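**Student:** Got a structure for you, questions after.
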Amino acid sequence: MAINKNHEFEDLGGVKCAIVEKNASKERVALLKDLLEHNGFEVVVVASPPPKAAAPPKPVAPVDPTAQPQPQPQPQPQPEVPPPPPETFTIGVTNLSFNPTNAIFGRLLKTRDGHIVTQAYWYQKDAISHDDIPYYEQKL
C-alpha cells in the first residue's frame with residue numbers, strides 16, 4: 001500500500017512493482033522502458049484495464065391505459081457505438097524503492113548520451129535533456 005499518491009505499488013504480471021506511470025501510450029512506454037532499462041531497472045509493462053462502460057439508459061415508464069391517447073413518438077435512432085478506448089499500459093519497475101519524482105529531482109537518471117534526465121525530458125517537452133542549468137534556476 002502506498003504512503004501517498006506519488007509512490008504506488010501494484011502486482012504487474014504477477015510481480016510486485018513500483019508504479020512509474022499508468023495509462024501510458026505505446027510511444028511513451030517505448031521511451032520510458034528504454035530510459036529505465038539503460039539506468040539498470042527491470043521494467044514490467046502490462047495493458048491497463050479498459051475504463052468502465054456507462055450504464056445503459058433507463059427504460060421509459062409504462063403508459064397509463066386510461067389516459068387519452070397521445071400521438072405515437074417517432075422511433076429514436078440507435079445510439080452510435082463509441083469508438084474503442086485507446087490502448088494504454090501501466091509501467092512499473094521491480095525495484096520497490098524507485099520513485100519517479102525522486103529520481104528526476106534527485107538527478108539520478110541519465111539518458112543514453114550521458115545527460116541527466118530533466119523534468120522537461122521526462123514529460124517529453126524537450127527532445128534533448130538540457131542539464132546545464134538546474135530546474136530551479138531556469139527562466140520560464
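Please note that chains go A, B, ... in the order of the C-alpha cells, that every chain numbers its residues from 1, and that ligands are numbered from 1 in the order shown.
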Please provide as a ChimeraX atom specification all residues within 10 Å of stretch 74-87 of chain A, with the sequence filter that same-chain residues fewer than 6 positions apart are discarded (counting only C-alpha atoms).
**Tutor:** /A:23-26,47-51
**Student:** Keeping only C-alpha atoms, take the residues you just selected and write them out as a CSV table (one decimal), in the first residue's frame.
**Tutor:**
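Once everything was written out, this is out.csv:
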chain,number,residue,atom,x,y,z
A,23,ASN,CA,-2.4,4.9,-18.8
A,24,ALA,CA,0.8,5.4,-20.9
A,25,SER,CA,0.7,5.2,-24.7
A,26,LYS,CA,2.8,2.8,-26.8
A,47,ALA,CA,-2.0,-3.4,-20.5
A,48,SER,CA,-4.2,-1.1,-18.5
A,49,PRO,CA,-7.7,-2.3,-17.8
A,50,PRO,CA,-10.3,-0.7,-20.0
A,51,PRO,CA,-12.5,2.1,-18.5
**Student:** Which residues are close to stretch 36-38 of chain A, i.e. within 10 Å by only C-alpha atoms, leaving aside same-chain residues fewer than 3 positions away? Reply as a tab-separated table (two decimals) with C-alpha atoms, in the first residue's frame.
**Tutor:**
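Result went into selection_6.tsv, see below:
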chain	number	residue	atom	x	y	z
A	20	VAL	CA	6.19	4.50	-12.80
A	31	LEU	CA	10.69	5.91	-24.26
A	32	LEU	CA	10.39	5.12	-20.55
A	33	LYS	CA	11.27	1.44	-20.93
A	41	PHE	CA	15.98	-1.08	-13.72
A	42	GLU	CA	13.94	-4.14	-14.63
A	43	VAL	CA	10.80	-2.82	-16.32
A	92	GLY	CA	6.40	-0.49	-13.32
A	93	VAL	CA	9.88	-1.39	-12.10
A	109	LEU	CA	18.61	9.06	-14.17
A	110	LYS	CA	20.81	9.56	-17.23
A	111	THR	CA	19.98	9.49	-20.93
A	112	ARG	CA	21.85	7.28	-23.41
**Student:** Which residue out of A:Ile19, A:Thr101, A:Val29, A:Tyr136 has the minimum interatomic distance to A:Val117 when only C-alpha atoms are used?
**Tutor:**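 Using only C-alpha atoms, the shortest distance to A:Val117 belongs to A:Thr101.
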**Student:** Find, counting only C-alpha atoms, the residue in A:Gln119, A:Lys5, A:Arg107, A:Val45 that gets nearest to A:Arg28.
**Tutor:**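 Closest to A:Arg28 of all the choices is A:Val45.
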**Student:** How many Å separate atom CA of A:Ala18 from atom CA of A:Gln124?
**Tutor:**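 Computed distance, atom CA of A:Ala18 to atom CA of A:Gln124, equals 21.2 Å.
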**Student:** To one decimal place in Å, what is the distance between atom CA of A:Thr90 and atom CA of A:Val44?
**Tutor:**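 Atom CA of A:Thr90 sits 8.3 Å away from atom CA of A:Val44.
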**Student:** Have a look at atom CA of A:Asp34 and atom CA of A:His7 and let me know their distance in Å, one decimal.
**Tutor:**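 Distance reported for this atom pair: 21.1 Å.
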